[in-house]
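Novice: Got a structure for you, questions after.
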Amino acid sequence: MGIQRIESVIYRVDDLAECVRFFEDFGLDPVERDETRAVFATLAGQTFHLDTSPRDDLPPPLEPGPTIREVVWGVDTAAELDALVAAVGADREVRLGDDGVHHTVDETGFGLGLTLAGENGHEPAVPRAVNTTGHVTRWNTGLSSVGKVRPLRMCHVALNIPKEGREEAVGFYTERLGFIPTDVVKPMGVFMRCEGDADQHNFLLCHRPDRAGANHVSFEVPGFDDVIEGGNHMIAQGWQEARRLGRHTIGSNVFRFIHAPCGGRVEYAADMDRVDDAYGTRVHETAPPHHIWTLRTSREKNNDN
């Protein structure tokens, strides 16, 4: 099955304390911390790294300021890992690190890692019971706040790439690493999923901004209420929302984006489309609307009554 999931994401940051506060507010658990770096984990066991050191073992950043340095993908078997490392290493150096990750670069210059996928020890999330006329699943019980929102996993990464060379950039992932293009939006970018996952996309290469850099990392949460309450909590803690609450057209997931001090944005996501090989590759000559809906209001800004 090849690549199963995102295993880890590494960012270079300037203000470690601010970034740590952001991701603690976001709902991630710190598993390591010292003066130069911090590591957080999702409930699925993936890791998210914040590092202030130069990290000469990684390729140079592709944009000024805090930004993404490397995305590491988890592979199901040692044999598959060896095959992917050989495919990637056909025309570039691949270095095996002490962390068990094979480090290299993609066509744009982003750091790319390959390693064995870790175990997902988290029990599947149970959706909240929902009532509608003719289909009642919650009797004699009211709902309350979901409490502290806890991201289940990193479900996708989006990177910005230059328009020039975009076909080669996508081909590197599809031809060598087995990513499956799901939606090709010619004016904007290519959505892809890895072989071992059914999400409509785990990866997006976006050429619309015509520059290389971090776009966003998306974290799946159990449901609609978690997206809303998680975003509300981030705003209450002083962080800046990047988009209004909405539901995407491609992928169908409910979303809420927050500007992140590590660079780019992070997304709370829920209810993503799941697809299999029957979905095929859908080519869009023009860009579909970004969203099916976003939250609108006619109430005055400070009128809470």
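Ordering of the structure tokens sets the chain letters (A, B, ...), residue numbers begin anew at 1 in every chain, and ligands are numbered from 1 in the order given.
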Quick one: which stretch 122-201 of chain A residues come within 10 Å of stretch 77-90 of chain A, and what is the nearest atom pair for each with the distance in Å to one decimal, counting only C-alpha atoms, rows ordered by chain and ascending number, as a tab-separated table?
Specialist:
residue	atom	partner	partner_atom	distance
A:Phe172	CA	A:Val88	CA	8.3
A:Tyr173	CA	A:Val88	CA	9.3
A:Glu175	CA	A:Ala87	CA	9.0
A:Arg176	CA	A:Ala87	CA	5.7
A:Leu177	CA	A:Leu84	CA	6.1
A:Gly178	CA	A:Leu84	CA	8.7
Novice: Counting only C-alpha atoms, which residues in stretch 77-109 of chain A sit no more than 12 Å from stretch 204-220 of chain A? For each one, give the nearest pair of atoms and the distance in Å, sorted by chain then residue number, as CSV.
Specialist:
residue,atom,partner,partner_atom,distance
A:Asp106,CA,A:Leu205,CA,11.7
A:Glu107,CA,A:Ala212,CA,11.1
A:Thr108,CA,A:Ala212,CA,7.4
A:Gly109,CA,A:Ala212,CA,8.7
Novice: Please provide as a compact mmCIF listing (two decimals) with N, CA and C atoms, in the first residue's frame all residues within 10 Å of stretch 277-281 of chain A, with the sequence filter that same-chain residues fewer than 4 positions apart are discarded (counting only C-alpha atoms).
Specialist:
# COMPACT_ATOMS: atom_id res chain seq x y z
N ILE A 180 -2.00 9.66 -5.61
CA ILE A 180 -3.07 9.54 -6.59
C ILE A 180 -3.75 10.90 -6.74
N PRO A 181 -3.67 11.52 -7.92
CA PRO A 181 -4.37 12.80 -8.09
C PRO A 181 -5.88 12.59 -8.08
N THR A 182 -6.57 13.34 -7.26
CA THR A 182 -8.02 13.21 -7.16
C THR A 182 -8.73 14.34 -7.90
N ASP A 183 -8.33 15.58 -7.64
CA ASP A 183 -8.91 16.73 -8.33
C ASP A 183 -7.78 17.62 -8.84
N VAL A 184 -7.72 17.76 -10.16
CA VAL A 184 -6.75 18.63 -10.80
C VAL A 184 -7.48 19.92 -11.18
N PHE A 191 -4.89 18.32 -6.06
CA PHE A 191 -5.20 17.60 -4.84
C PHE A 191 -4.83 16.13 -5.04
N MET A 192 -4.15 15.54 -4.05
CA MET A 192 -3.71 14.15 -4.15
C MET A 192 -3.97 13.43 -2.84
N GLU A 195 -1.66 6.37 -1.10
CA GLU A 195 -2.27 5.08 -1.40
C GLU A 195 -2.96 4.46 -0.20
N ALA A 198 -7.99 7.04 2.59
CA ALA A 198 -9.19 7.25 1.78
C ALA A 198 -9.67 8.69 1.77
N GLN A 200 -10.22 12.40 0.59
CA GLN A 200 -10.20 12.92 -0.78
C GLN A 200 -8.86 13.54 -1.12
Novice: Could you pull out the strand (DSSP E or B) residues of stretch 32-137 of chain A, going by DSSP on the backbone, and write them as number ranges by chain?
Specialist: A: 32-33, 37-41, 47-51, 67-75, 95-96, 102-105, 111-116, 131-132, 135-136
Novice: Using N, CA and C atoms, can you export the residues from the last selection as an mmCIF file, in the first residue's frame?
Specialist:
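Resulting contents of again28.cif:
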data_model
loop_
_atom_site.group_PDB
_atom_site.id
_atom_site.type_symbol
_atom_site.label_atom_id
_atom_site.label_comp_id
_atom_site.auth_asym_id
_atom_site.auth_seq_id
_atom_site.Cartn_x
_atom_site.Cartn_y
_atom_site.Cartn_z
ATOM 1 N N GLU A 32 7.864 16.837 23.768
ATOM 2 C CA GLU A 32 9.261 17.200 24.001
ATOM 3 C C GLU A 32 9.354 18.718 24.002
ATOM 4 N N ARG A 33 10.307 19.240 24.806
ATOM 5 C CA ARG A 33 10.499 20.691 24.827
ATOM 6 C C ARG A 33 11.858 20.997 25.432
ATOM 7 N N ARG A 37 13.591 23.838 20.696
ATOM 8 C CA ARG A 37 12.605 23.106 19.912
ATOM 9 C C ARG A 37 11.488 22.579 20.795
ATOM 10 N N ALA A 38 10.368 22.285 20.128
ATOM 11 C CA ALA A 38 9.236 21.653 20.796
ATOM 12 C C ALA A 38 8.596 20.682 19.818
ATOM 13 N N VAL A 39 8.105 19.582 20.344
ATOM 14 C CA VAL A 39 7.451 18.567 19.536
ATOM 15 C C VAL A 39 6.080 18.298 20.136
ATOM 16 N N PHE A 40 5.060 18.295 19.270
ATOM 17 C CA PHE A 40 3.693 18.006 19.672
ATOM 18 C C PHE A 40 3.234 16.720 18.989
ATOM 19 N N ALA A 41 2.229 16.067 19.570
ATOM 20 C CA ALA A 41 1.706 14.835 18.994
ATOM 21 C C ALA A 41 0.196 14.936 18.829
ATOM 22 N N THR A 47 3.696 13.528 14.685
ATOM 23 C CA THR A 47 4.389 14.578 15.416
ATOM 24 C C THR A 47 4.508 15.850 14.593
ATOM 25 N N PHE A 48 4.467 16.967 15.307
ATOM 26 C CA PHE A 48 4.531 18.302 14.723
ATOM 27 C C PHE A 48 5.670 19.027 15.420
ATOM 28 N N HIS A 49 6.687 19.444 14.662
ATOM 29 C CA HIS A 49 7.933 19.949 15.226
ATOM 30 C C HIS A 49 8.086 21.452 14.988
ATOM 31 N N LEU A 50 8.510 22.151 16.024
ATOM 32 C CA LEU A 50 8.839 23.568 15.953
ATOM 33 C C LEU A 50 10.289 23.721 16.361
ATOM 34 N N ASP A 51 11.103 24.341 15.513
ATOM 35 C CA ASP A 51 12.546 24.347 15.748
ATOM 36 C C ASP A 51 13.107 25.730 15.456
ATOM 37 N N THR A 67 8.545 29.143 8.609
ATOM 38 C CA THR A 67 7.949 28.398 7.497
ATOM 39 C C THR A 67 8.207 26.913 7.652
ATOM 40 N N ILE A 68 7.614 26.154 6.777
ATOM 41 C CA ILE A 68 7.760 24.710 6.781
ATOM 42 C C ILE A 68 9.112 24.325 6.205
ATOM 43 N N ARG A 69 9.723 23.292 6.799
ATOM 44 C CA ARG A 69 11.023 22.807 6.330
ATOM 45 C C ARG A 69 10.941 21.408 5.733
ATOM 46 N N GLU A 70 10.094 20.559 6.326
ATOM 47 C CA GLU A 70 10.056 19.174 5.844
ATOM 48 C C GLU A 70 8.709 18.547 6.184
ATOM 49 N N VAL A 71 8.220 17.715 5.262
ATOM 50 C CA VAL A 71 7.072 16.845 5.514
ATOM 51 C C VAL A 71 7.575 15.411 5.425
ATOM 52 N N VAL A 72 7.322 14.624 6.470
ATOM 53 C CA VAL A 72 7.734 13.222 6.503
ATOM 54 C C VAL A 72 6.490 12.353 6.331
ATOM 55 N N TRP A 73 6.592 11.394 5.400
ATOM 56 C CA TRP A 73 5.479 10.504 5.093
ATOM 57 C C TRP A 73 5.773 9.109 5.640
ATOM 58 N N GLY A 74 4.763 8.474 6.221
ATOM 59 C CA GLY A 74 4.898 7.150 6.801
ATOM 60 C C GLY A 74 4.513 6.066 5.816
ATOM 61 N N VAL A 75 5.351 5.050 5.695
ATOM 62 C CA VAL A 75 5.183 3.962 4.728
ATOM 63 C C VAL A 75 4.869 2.677 5.483
ATOM 64 N N ARG A 95 19.474 10.863 2.424
ATOM 65 C CA ARG A 95 20.327 10.632 3.593
ATOM 66 C C ARG A 95 19.497 10.015 4.708
ATOM 67 N N LEU A 96 19.988 8.902 5.250
ATOM 68 C CA LEU A 96 19.309 8.263 6.367
ATOM 69 C C LEU A 96 19.769 8.904 7.666
ATOM 70 N N HIS A 102 14.506 8.826 6.084
ATOM 71 C CA HIS A 102 15.280 9.064 4.871
ATOM 72 C C HIS A 102 14.946 10.476 4.383
ATOM 73 N N HIS A 103 15.930 11.371 4.419
ATOM 74 C CA HIS A 103 15.708 12.787 4.124
ATOM 75 C C HIS A 103 16.186 13.122 2.707
ATOM 76 N N THR A 104 15.359 13.888 1.985
ATOM 77 C CA THR A 104 15.752 14.367 0.665
ATOM 78 C C THR A 104 14.949 15.642 0.379
ATOM 79 N N VAL A 105 14.870 16.033 -0.890
ATOM 80 C CA VAL A 105 14.098 17.215 -1.280
ATOM 81 C C VAL A 105 13.211 16.857 -2.463
ATOM 82 N N GLY A 111 11.806 20.062 1.982
ATOM 83 C CA GLY A 111 12.305 18.851 2.592
ATOM 84 C C GLY A 111 11.256 17.761 2.543
ATOM 85 N N LEU A 112 11.703 16.556 2.199
ATOM 86 C CA LEU A 112 10.824 15.402 2.098
ATOM 87 C C LEU A 112 11.446 14.261 2.873
ATOM 88 N N GLY A 113 10.677 13.653 3.749
ATOM 89 C CA GLY A 113 11.148 12.517 4.510
ATOM 90 C C GLY A 113 10.289 11.295 4.285
ATOM 91 N N LEU A 114 10.914 10.126 4.373
ATOM 92 C CA LEU A 114 10.205 8.850 4.273
ATOM 93 C C LEU A 114 10.646 7.973 5.440
ATOM 94 N N THR A 115 9.690 7.352 6.109
ATOM 95 C CA THR A 115 9.993 6.484 7.235
ATOM 96 C C THR A 115 8.878 5.474 7.382
ATOM 97 N N LEU A 116 9.063 4.486 8.241
ATOM 98 C CA LEU A 116 7.989 3.546 8.519
ATOM 99 C C LEU A 116 6.876 4.244 9.294
ATOM 100 N N ASN A 131 -30.142 14.491 16.065
ATOM 101 C CA ASN A 131 -31.578 14.280 15.919
ATOM 102 C C ASN A 131 -32.128 15.036 14.720
ATOM 103 N N THR A 132 -32.981 14.391 13.972
ATOM 104 C CA THR A 132 -33.790 15.063 12.964
ATOM 105 C C THR A 132 -35.103 14.297 12.865
ATOM 106 N N HIS A 135 -35.499 10.515 12.318
ATOM 107 C CA HIS A 135 -34.252 9.798 12.627
ATOM 108 C C HIS A 135 -33.687 10.379 13.914
ATOM 109 N N VAL A 136 -34.131 9.831 15.032
ATOM 110 C CA VAL A 136 -33.726 10.317 16.348
ATOM 111 C C VAL A 136 -32.706 9.361 16.942
#
Novice: Ranking A:Leu43, A:Ala129, A:Ile161, A:Ala287 by minimum distance to A:Val221 and counting only C-alpha atoms, which one comes first?
Specialist: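 So, comparing all the options, the nearest one is A:Leu43.
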